[in-house]
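Some notes on the structure that comes next.
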Amino acid sequence: MSMTPTGLPGHTTLVMTLPKAPLPDAEKARALAQNRNAFTVDCLVDASNLPAPVRIPRAESVHVMVADVDDLGEWLRALGGEIHVSPEFEGVELWTLHASTEPREDGSSTGVLVSVPVPSGELVMDWIRKAVRR
């Protein structure tokens with residue numbers, strides 16, 4: 001019986017690991033844009049003390065989920081923008097603020113989508129309701 005270098009009976013298979021392939025340029029650009037957007041919104045949240053319990057960065061924007069419509073109002077006050085309201089589903093509407101950060105030095109900005117579920121018929125402050133796109 002032949003023994004392998006590990007001292008176990010049977011054949012030995014050598015496994016060679018290769019370095020990770022670099023990301024293609026398009027994927028690299030998307031990852032850089034996503035990181036830049038995340039950093040921009042993180043700085044805004046830290047500087048303005050905006051409620052942002054859930055942040056989901058993407059290459060094209062950052063999605064923020066907040067707990068209630070008053071939190072949505074804080075984002076509206078800070079960034080402006082317009083609110084889109086989804087059709088009612090199971091007694092709830094999804095209110096989403098479409099806004100963007102201040103332009104960076106290169107003129108680009110980060111799109112910010114702030115969403116909150118709102119029970120249908122919920123009383124909402126008039127100044128927030130005025131930002132709803134008709």
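Each chain of the structure tokens is named A, B, ... in the order shown, its residues numbered from 1; ligands are numbered from 1 in display order.
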Filtered DSSP result for chain A, state alpha helix (DSSP H), as a ChimeraX atom specification: /A:25-48,69-79,126-129
Residues within 7 Å of stretch 32-44 of chain A, only C-alpha atoms, excluding chain neighbours under 3 positions, as a PyMOL selection string: chain A and resi 28-29+47-48+57-59+61-62+110
Filtered DSSP result for chain A, state strand (DSSP E), as a PyMOL selection string: chain A and resi 54-57+61-65+82-85+92-100+111-119
Any chance you can output those residues with N, CA and C atoms as a short mmCIF file (atom, residue, chain, number, x, y, z; two decimals), in the first residue's frame?
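After the write, selection-v2.cif holds the following:
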```
data_model
loop_
_atom_site.label_atom_id
_atom_site.label_comp_id
_atom_site.auth_asym_id
_atom_site.auth_seq_id
_atom_site.Cartn_x
_atom_site.Cartn_y
_atom_site.Cartn_z
N VAL A 54 -31.80 52.41 7.96
CA VAL A 54 -31.42 51.46 6.91
C VAL A 54 -30.96 52.26 5.70
N ARG A 55 -29.74 51.97 5.26
CA ARG A 55 -29.18 52.62 4.06
C ARG A 55 -28.70 51.54 3.11
N ILE A 56 -29.12 51.64 1.87
CA ILE A 56 -28.73 50.65 0.87
C ILE A 56 -28.11 51.40 -0.32
N PRO A 57 -26.78 51.44 -0.37
CA PRO A 57 -26.14 52.17 -1.47
C PRO A 57 -26.16 51.38 -2.77
N SER A 61 -27.81 55.51 -6.88
CA SER A 61 -28.45 56.26 -5.80
C SER A 61 -28.26 55.51 -4.48
N VAL A 62 -28.78 56.12 -3.42
CA VAL A 62 -28.80 55.45 -2.12
C VAL A 62 -30.24 55.40 -1.65
N HIS A 63 -30.69 54.21 -1.27
CA HIS A 63 -32.03 54.03 -0.71
C HIS A 63 -31.93 54.12 0.81
N VAL A 64 -32.83 54.91 1.39
CA VAL A 64 -32.89 55.04 2.84
C VAL A 64 -34.30 54.66 3.27
N MET A 65 -34.40 53.80 4.25
CA MET A 65 -35.71 53.43 4.80
C MET A 65 -35.82 54.05 6.18
N GLU A 82 -39.27 65.76 -4.31
CA GLU A 82 -40.70 65.48 -4.41
C GLU A 82 -40.98 64.06 -3.93
N ILE A 83 -42.19 63.87 -3.43
CA ILE A 83 -42.58 62.59 -2.87
C ILE A 83 -43.51 61.88 -3.85
N HIS A 84 -43.22 60.62 -4.09
CA HIS A 84 -44.09 59.77 -4.91
C HIS A 84 -44.80 58.81 -3.95
N VAL A 85 -46.06 58.58 -4.19
CA VAL A 85 -46.86 57.69 -3.34
C VAL A 85 -47.32 56.51 -4.18
N VAL A 92 -51.69 49.98 3.12
CA VAL A 92 -50.48 50.78 3.29
C VAL A 92 -50.05 51.35 1.93
N GLU A 93 -49.54 52.58 1.97
CA GLU A 93 -48.93 53.20 0.79
C GLU A 93 -47.44 53.37 1.10
N LEU A 94 -46.62 53.29 0.07
CA LEU A 94 -45.19 53.55 0.24
C LEU A 94 -44.93 54.97 -0.25
N TRP A 95 -44.47 55.82 0.65
CA TRP A 95 -44.13 57.20 0.30
C TRP A 95 -42.62 57.25 0.11
N THR A 96 -42.18 57.75 -1.06
CA THR A 96 -40.75 57.81 -1.37
C THR A 96 -40.38 59.22 -1.81
N LEU A 97 -39.45 59.80 -1.07
CA LEU A 97 -38.90 61.11 -1.42
C LEU A 97 -37.80 60.90 -2.45
N HIS A 98 -37.87 61.62 -3.56
CA HIS A 98 -36.84 61.61 -4.58
C HIS A 98 -36.07 62.92 -4.45
N ALA A 99 -34.81 62.82 -4.07
CA ALA A 99 -34.00 64.01 -3.85
C ALA A 99 -32.56 63.71 -4.26
N SER A 100 -31.70 64.69 -4.11
CA SER A 100 -30.27 64.47 -4.36
C SER A 100 -29.46 65.36 -3.44
N GLY A 111 -28.12 60.68 -5.93
CA GLY A 111 -29.56 60.55 -5.80
C GLY A 111 -29.89 59.84 -4.49
N VAL A 112 -30.91 60.35 -3.80
CA VAL A 112 -31.32 59.77 -2.53
C VAL A 112 -32.81 59.46 -2.61
N LEU A 113 -33.18 58.22 -2.31
CA LEU A 113 -34.57 57.80 -2.27
C LEU A 113 -34.89 57.40 -0.84
N VAL A 114 -35.75 58.18 -0.18
CA VAL A 114 -36.09 57.93 1.21
C VAL A 114 -37.52 57.41 1.25
N SER A 115 -37.71 56.20 1.78
CA SER A 115 -39.02 55.56 1.75
C SER A 115 -39.54 55.25 3.14
N VAL A 116 -40.89 55.30 3.26
CA VAL A 116 -41.55 54.95 4.51
C VAL A 116 -42.94 54.40 4.18
N PRO A 117 -43.34 53.31 4.84
CA PRO A 117 -44.72 52.85 4.67
C PRO A 117 -45.65 53.73 5.50
N VAL A 118 -46.76 54.15 4.89
CA VAL A 118 -47.72 55.02 5.57
C VAL A 118 -49.10 54.35 5.48
N PRO A 119 -49.74 54.11 6.62
CA PRO A 119 -51.10 53.53 6.58
C PRO A 119 -52.03 54.45 5.77
#
```
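Residue nearest A:Thr101 within the list A:Ala131, A:Ala67, A:Val45, A:Ala31: A:Val45 [criterion: smallest interatomic distance, only C-alpha atoms].
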Point-to-point distance in Å for atom CA of A:Leu50 and atom CA of A:Leu76: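 We find that atom CA of A:Leu76 and atom CA of A:Leu50 lie 10.4 Å from each other.
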Atomic separation - atom CA of A:Gly107 relative to atom CA of A:Leu72, Å: 25.9 Å
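The nearest approach to A:Asp71 among the residues A:Pro103, A:Lys20, A:Ile128, A:Ser86, with only C-alpha atoms taken into account, belongs to A:Ile128.
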Option closest in space to A:Asp68, from A:Ser108, A:Arg134, A:Glu122, A:Thr17 [counting only C-alpha atoms]: A:Glu122
Which of A:Glu90, A:Glu74, A:Arg104, A:Asp25 sits closest to A:Trp127 [using only C-alpha atoms]: A:Glu74
Point-to-point distance in Å for atom CA of A:Ala78 and atom CA of A:Val66: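 Straight-line distance from atom CA of A:Val66 to atom CA of A:Ala78 works out to 14.5 Å.
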